[in-house]
Structures are given as structure tokens and as C-alpha cells.
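Worksheet: the structure to be examined is printed underneath.
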Amino acid sequence: MKNKRGYMLLLLLLCGLLACGGPQEVEVCEQFPPIYPDYTEVTIPSNIAPLNFLLRNKPSQVEVSIKGKTTGLLLRSDYKVQFQGRRWRKVLEAEKGGTLQVLVKAKVDGRWIQYAPFSWHIAEERIDPYLSYRLIEPGYEVWNALQLRERHLESFAERVIADNNLTDRSCMNCHTYTKNDPSLSFFHLRGKDGGTILNRNGELRKLDTRVAGMLSSAVYGELHPSGRYGIFSSNVIIPEFHTLAEKRLEVYDNASEIYLYDFDARTVQTVAFPVSEGEKLRTFPVFSADGRSVYYCEAPYLPLPDSIQYLKYDLHRIAFDPDRRAFGTAVDTLYSANAMGGSVCHPKASPDGNFLLYTVADYGTFPIWHQETDLQLFDLRTGERDSLDRVNAPGSDTYHSWSSGSRWFVFASKRDDGIYGKPYFAYVDRQGRAHKPFVLPQRDPAHYDYTLKSYNIPELSTGPLSFDAGDIERIYRAGEAETFTRVEEP
């Protein structure tokens with residue numbers, strides 16, 4: 001009993017000392033604090049790493065009070081606010097499905113300011129705990145210095161899964177998961193010993209996806225939910241500099257077509273689309289959630305680059321029978337560029353089959369260079385289209401992927417400076433409404449100020465990949481890639 005009383009006295013003394021150290025005379029400000037990243041009024045998953053932030057006006061002291069229904073946090077620091085991971089996780093788990101109120105007080109030029117409080121809404125649904133992305137310079141001239149990395153979203157742990165310093169500086173691109181499954185993914189590894197690296201059930205295969213008569217090797221595409229098939233476009237991709245002062249670079253297809261790969265039979269076939277008028281450019285094919293349809297983008301061929309501003313892609317859907325390896329005889333148009341304006345790129349079906357997420361730019365087929373590029377959400381059940389005003393911002397918003405529960409998606413946004421892409425996460429509630437997104441948290445909240453790399457093609461997965469950069473180097477140098485035989489559609 002004596003020890004218990006002593007402990008209580010010590011605890012009261014510590015609380016008193018902390019209280020004495022807090023702000024005494026405080027001016028009330030009606031504006032939110034000038035924090036970076038902007039984490040005000042966002043919805044977050046309960047398993048996200050701490051939302052560390054800094055105050056741009058660099059106060060000498062900061063006090064942050066976080067209160068929920070049953071728990072809370074009190075943190076005092078300098079202008080960089082960094083939460084302790086264990087305490088952060090306990091609070092988010094306890095307040096899951098509820099709201100945290102965040103109150104920031106800062107000592108600026110010798111006086112204390114209390115800013116308007118803001119909220120963190122903690123969603124019931126968790127996000128897939130792993131994110132992979134390509135780290136790359138945002139300029140065309142240094143594309144050959146890049147890595148693929150994997151980040152654990154519940155902490156700040158990060159590892160390299162492919163490094164082109166180990167593969168003769170060859171380009172690596174288009175890494176994509178199917179159903180957020182880390183054992184079913186691919187990416188293209190270019191260069192003299194490269195190929196498409198297929199990760200299927202933990203086994204890595206190097207594939208030579210080009211056969212006689214094709215425009216190029218496989219480019220944009222996706223794996224079938226079964227893992228047996230891949231749907232890919234073959235493209236002749238042309239980079240050009242703009243003559244317009246406000247534009248930097250344009251990338252477009254001079255020719256493109258879509259092919260189906262059978263990884264078991266090692267065959268490839270041209271997708272026989274219904275006959276249409278004129279030559280077409282077809283690209284960005286992906287499977288529906290159930291694997292029984294293919295979404296793709298199509299535009300009439302135009303003389304390029306002279307007519308680049310008139311090049312606009314529609315969004316189509318065609319049926320696919322995986323048992324017969326055959327496609328339908330009719331095409332559904334989900335987005336008509338002529339009727340609605342804009343050009344569609346990168347369709348992605350939600351894993352539950354309810355939504356299609358894609359980007360719309362003014363024209364063209366390479367939205368990352370278009371500052372006007374925005375995301376749109378198409379409800380496949382109702383046919384309604386959401387312009388995602390709460391998600392989009394000035395600067396391109398694109399390269400998106402879903403979480404396995406279909407309640408979260410991640411995308412690359414250049415909203416901060418128009419140059420560097422960063423991964424942002426947005427929540428889609430049960431009514432199909434998207435909420436204000438937040439950027440990937442970092443241990444040091446100044447991370448994005450000094451990291452001169454773009455986070456390209458962020459992809460969510462339910463677990464870590466089974467390979468690393470050493471495995472990719474070995475398969476790159478292992479010898480000849482598997483080849484495919486050309487067949488006709490049955």
C-alpha cells in the first residue's frame with residue numbers, strides 16, 4: 001500500500017510539472033495550423049503509420065492534443081511533430097470507426113497561438129499493409145536511375161525489390177499486382193538480358209513477350225485472376241518535346257494493339273475486336289474483377305504529332321470467356337470522348353466489381369505529363385460517374401490502384417509542385433463517396449522536401465513480395481527468356 005501511495009504521488013508530481021510547461025497565455029486563431037503534409041480533415045485507416053507533420057512557420061515550441069471517445073495523446077515538440085509508433089497504434093485501434101479531434105498550439109515569435117481544431121476520421125476498414133512503387137527522377141533524361149521499392153504502411157520500414165544499378169541500368173516499369181496478391185504480379189525489365197518478370201505463386205519467370213509481327217514486347221496490361229492469362233497492349237511509343245511554352249513533353253502511341261497471353265500453353269493471340277471503321281489505337285487493357293470482361297481504351301488513328309490535341313480515347317468493355325480463351329462479338333462504350341470530352345487512360349476495376357477508376361486528360365495517352373489529368377469513378381452497378389472533386393487537385397492525379405477491400409485506393413499526385421509525384425490514399429465509403437486524400441506518412445515530415453524522386457505507379461498488396469533486388473539480378477542474368485508461339489483465337 002505504501003509503494004502504491006508513493007507511485008500515485010510521483011504520478012501527480014509529473015502531471016503537475018507537465019502542466020506547468022504548457023502554454024499559459026494563448027491567442028486563438030480561426031485558421032487551421034500551417035502543417036505539412038496537409039493532414040487536416042482526412043479519413044485514415046486504423047493500421048496506417050503515424051501521420052507525422054511539421055509547421056511551416058517553424059515555431060519554437062508545439063503542443064498537440066489528440067482526443068477520442070476513450071483515448072488520446074498529448075505531445076510536445078519543436079516544429080516537427082513525430083508520434084511514437086506504439087502509442088499511435090493503440091489510439092487508432094481504440095478509436096476505429098470514430099473521430100479524433102486534433103488541437104495544435106504553437107509558440108511563434110514568443111507568443112502562443114491556438115489554431116482551429118481539425119479531425120481525423122478513423123475508418124472501420126483497414127488498408128492493405130504493403131505498397132510498392134517505382135522511385136524515379138521526374139525528368140526524361142535520367143530515367144535510367146531507378147528502383148522498385150516496397151513500403152510497410154503500418155510502419156516506416158522500406159526495402160528495395162529491384163534496382164537497375166544491378167541490371168545494366170535497364171528500364172523497369174509497369175509493376176502490377178492481380179487482386180492485390182503478392183504471389184501474382186509482374187513487371188517489365190528491359191535491356192539486353194531482360195524480359196517480363198512474372199511472379200506466379202512465388203516462382204519467378206522471365207518471359208520474352210514479343211513474337212514475329214508484333215509492334216513491340218508487352219507494355220500496358222494485367223494478369224487474369226486465375227493467373228493463367230495476361231492481357232497486354234503492344235505499342236510504338238514516341239516521346240516528343242512540345243513547342244508550347246507551358247508544356248514540357250508529350251508521349252503518344254504511333255501504333256498499338258492488344259494481345260492475350262496464355263502462360264501455361266506459352267501462346268499469344270491477337271484480340272479479334274468487332275470490325276470497326278478506320279484504323280484504331282487500342283491500349284491499357286485490364287480484366288474485370290471476375291475475369292470475364294476486359295476494359296480497354298481506344299481512339300481513331302490520327303496523323304501524329306500534328307493532331308495530338310485531337311487524339312482522345314474512349315473507354316470500352318468486351319466480354320471474355322476464360323474457358324474458351326475467346327472474346328465477345330459486341331463492345332460496350334462506358335466513356336465516349338466525343339460525347340463527354342477528354343481522353344481516358346488507365347482503367348482499374350475494384351476487387352469487388354462495383355467500380356471502375358480511371359483518369360481523364362484533355363487529350364492523349366500519357367497523363368503523367370498532363371497537369372489537368374484527374375481521376376474519375378464509374379459505378380458499374382448504376383452507370384453513374386463521379387468526378388471526384390474531393391480527391392482531385394491541380395497537378396496530375398493518376399497511376400492508381402485499389403486496396404483488396406475496395407474501400408481504399410492509392411494514386412500518384414503532383415499537387416504539391418507539379419513535378420514530383422507522391423502517393424496519396426483516398427477512402428470510398430459504403431455509399432460510394434470518396435473522401436479527402438492524404439499523402440503517404442514518413443518518419444521525418446520534411447522527407448518530401450528533400451527527396452527529389454517521383455513515386456511512380458503505387459500498388460497496394462496484402463503482403464510482402466517473396467523476392468528482392470538480388471533475385472531480380474539473378475533472373476536478369478540467368479540466360480534466355482521463355483518464348484511464346486503465335487496462335488489464332490479459337
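Following the order of the C-alpha cells, chains are lettered A, B, ..., residues in each are numbered from 1, and ligands are numbered from 1.
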- If you run DSSP on this backbone, which residues of range 247-476 of chain A come out as strand (DSSP E), and could you give them as a ChimeraX atom specification? /A:249-262,267-270,280-287,293-300,314-321,326-335,343-349,355-361,374-379,385-386,397-402,408-413,422-427,438-439,454-461
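Every protein or nucleic acid residue with an atom no more than 7 Å from Thr176 in chain A, counting only C-alpha atoms and leaving out same-chain residues fewer than 5 positions away, appears here: Ser185, Phe186, Phe187, Glu222 and Glu459 of chain A.
With only C-alpha atoms as the atoms that count, the residue of A:Ile308, A:Asp374, A:Gly470, A:Leu207 with the shortest distance to Asn254 in chain A is A:Ile308.
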Using only C-alpha atoms, which residues of range 201-241 of chain A come within 12 Å of range 338-350 of chain A, and what is the closest atom pair for each, with the distance in Å to one decimal? Give it as a Markdown table, sorted by chain and residue number.
```
| residue | atom | partner | partner_atom | distance |
| --- | --- | --- | --- | --- |
| A:Tyr220 | CA | A:His346 | CA | 8.9 |
| A:Gly221 | CA | A:His346 | CA | 9.4 |
| A:Glu222 | CA | A:Lys348 | CA | 9.7 |
| A:Pro225 | CA | A:Ala349 | CA | 11.9 |
```
Applying 7 Å and only C-alpha atoms, which residues near Thr43 in chain A remain after dropping the ones on its own chain fewer than 3 positions away? List them as a CSV table (one decimal) with N, CA and C atoms, in the first residue's frame.
```csv
chain,number,residue,atom,x,y,z
A,120,TRP,N,-9.5,13.8,-37.5
A,120,TRP,CA,-9.0,12.6,-38.2
A,120,TRP,C,-10.1,11.6,-38.0
A,121,HIS,N,-10.7,11.2,-39.1
A,121,HIS,CA,-11.8,10.1,-39.1
A,121,HIS,C,-11.1,8.8,-39.3
A,122,ILE,N,-11.3,7.9,-38.4
A,122,ILE,CA,-10.7,6.5,-38.5
A,122,ILE,C,-11.7,5.5,-39.1
A,123,ALA,N,-11.4,5.1,-40.3
A,123,ALA,CA,-12.3,4.2,-41.0
A,123,ALA,C,-12.3,2.8,-40.3
A,427,TYR,N,-10.3,7.3,-49.3
A,427,TYR,CA,-11.3,6.3,-48.8
A,427,TYR,C,-12.6,6.4,-49.5
A,435,HIS,N,-13.5,10.4,-50.1
A,435,HIS,CA,-13.1,11.4,-49.1
A,435,HIS,C,-11.8,12.0,-49.4
A,436,LYS,N,-11.5,13.1,-48.7
A,436,LYS,CA,-10.2,13.9,-48.9
A,436,LYS,C,-9.0,12.9,-48.7
```
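Taking CA of Lys69 in chain A and CA of Lys105 in chain A as the two end points, the separation is 21.1 Å.
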- Item | Long-range neighbours of range 351-354 of chain A as a PyMOL selection string, 12 Å cut-off, only C-alpha atoms, 4 positions minimum in chain | chain A and resi 177-181+225+287-293+377-384+401-409+428+430-432+460
- Task: For Leu311 in chain A, work out the shell of residues within 9 Å, counting only C-alpha atoms and skipping chain neighbours fewer than 2 positions away, then give it as a VMD selection string.
- Result: chain A and resid 299 to 302 304 307 to 309 313 343 363 to 365
Would you mind exporting N, CA, C and O atoms of the selected residues as a PDB file, in the first residue's frame?
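Listing of out06.pdb after writing:
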```
ATOM      1  N   ALA A 299      -8.893   4.791 -79.575  1.00  0.00           N
ATOM      2  CA  ALA A 299      -9.014   6.070 -80.279  1.00  0.00           C
ATOM      3  C   ALA A 299      -8.812   5.840 -81.768  1.00  0.00           C
ATOM      4  O   ALA A 299      -8.073   4.937 -82.166  1.00  0.00           O
ATOM      5  N   PRO A 300      -9.453   6.653 -82.610  1.00  0.00           N
ATOM      6  CA  PRO A 300      -9.192   6.555 -84.061  1.00  0.00           C
ATOM      7  C   PRO A 300      -7.795   7.061 -84.355  1.00  0.00           C
ATOM      8  O   PRO A 300      -7.319   8.025 -83.737  1.00  0.00           O
ATOM      9  N   TYR A 301      -7.131   6.415 -85.285  1.00  0.00           N
ATOM     10  CA  TYR A 301      -5.777   6.838 -85.633  1.00  0.00           C
ATOM     11  C   TYR A 301      -5.808   8.224 -86.273  1.00  0.00           C
ATOM     12  O   TYR A 301      -6.653   8.529 -87.119  1.00  0.00           O
ATOM     13  N   LEU A 302      -4.869   9.078 -85.862  1.00  0.00           N
ATOM     14  CA  LEU A 302      -4.709  10.419 -86.418  1.00  0.00           C
ATOM     15  C   LEU A 302      -3.258  10.625 -86.817  1.00  0.00           C
ATOM     16  O   LEU A 302      -2.356   9.983 -86.252  1.00  0.00           O
ATOM     17  N   LEU A 304       0.115  11.923 -86.360  1.00  0.00           N
ATOM     18  CA  LEU A 304       0.761  12.432 -85.156  1.00  0.00           C
ATOM     19  C   LEU A 304       2.221  12.772 -85.443  1.00  0.00           C
ATOM     20  O   LEU A 304       2.857  12.145 -86.285  1.00  0.00           O
ATOM     21  N   SER A 307      -1.649  16.219 -84.947  1.00  0.00           N
ATOM     22  CA  SER A 307      -3.032  16.238 -84.450  1.00  0.00           C
ATOM     23  C   SER A 307      -3.146  15.760 -83.010  1.00  0.00           C
ATOM     24  O   SER A 307      -4.207  15.311 -82.586  1.00  0.00           O
ATOM     25  N   ILE A 308      -2.061  15.865 -82.246  1.00  0.00           N
ATOM     26  CA  ILE A 308      -2.038  15.295 -80.899  1.00  0.00           C
ATOM     27  C   ILE A 308      -3.161  15.848 -80.012  1.00  0.00           C
ATOM     28  O   ILE A 308      -3.730  15.123 -79.192  1.00  0.00           O
ATOM     29  N   GLN A 309      -3.506  17.136 -80.170  1.00  0.00           N
ATOM     30  CA  GLN A 309      -4.537  17.720 -79.309  1.00  0.00           C
ATOM     31  C   GLN A 309      -5.942  17.208 -79.626  1.00  0.00           C
ATOM     32  O   GLN A 309      -6.877  17.457 -78.886  1.00  0.00           O
ATOM     33  N   TYR A 313      -9.221   9.196 -76.325  1.00  0.00           N
ATOM     34  CA  TYR A 313      -9.532   7.776 -76.179  1.00  0.00           C
ATOM     35  C   TYR A 313     -10.870   7.567 -75.479  1.00  0.00           C
ATOM     36  O   TYR A 313     -11.161   8.203 -74.458  1.00  0.00           O
ATOM     37  N   SER A 343      -9.905  12.487 -72.640  1.00  0.00           N
ATOM     38  CA  SER A 343      -9.311  11.252 -73.120  1.00  0.00           C
ATOM     39  C   SER A 343      -9.054  10.350 -71.924  1.00  0.00           C
ATOM     40  O   SER A 343      -8.455  10.771 -70.927  1.00  0.00           O
ATOM     41  N   TYR A 363      -6.429  15.384 -73.671  1.00  0.00           N
ATOM     42  CA  TYR A 363      -6.152  14.612 -74.888  1.00  0.00           C
ATOM     43  C   TYR A 363      -4.982  13.680 -74.595  1.00  0.00           C
ATOM     44  O   TYR A 363      -4.329  13.768 -73.547  1.00  0.00           O
ATOM     45  N   GLY A 364      -4.720  12.775 -75.523  1.00  0.00           N
ATOM     46  CA  GLY A 364      -3.515  11.964 -75.460  1.00  0.00           C
ATOM     47  C   GLY A 364      -3.654  10.714 -74.620  1.00  0.00           C
ATOM     48  O   GLY A 364      -4.733  10.337 -74.150  1.00  0.00           O
ATOM     49  N   THR A 365      -2.494  10.069 -74.403  1.00  0.00           N
ATOM     50  CA  THR A 365      -2.457   8.751 -73.779  1.00  0.00           C
ATOM     51  C   THR A 365      -1.392   8.613 -72.702  1.00  0.00           C
ATOM     52  O   THR A 365      -1.127   7.506 -72.244  1.00  0.00           O
TER      53      THR A 365
END
```
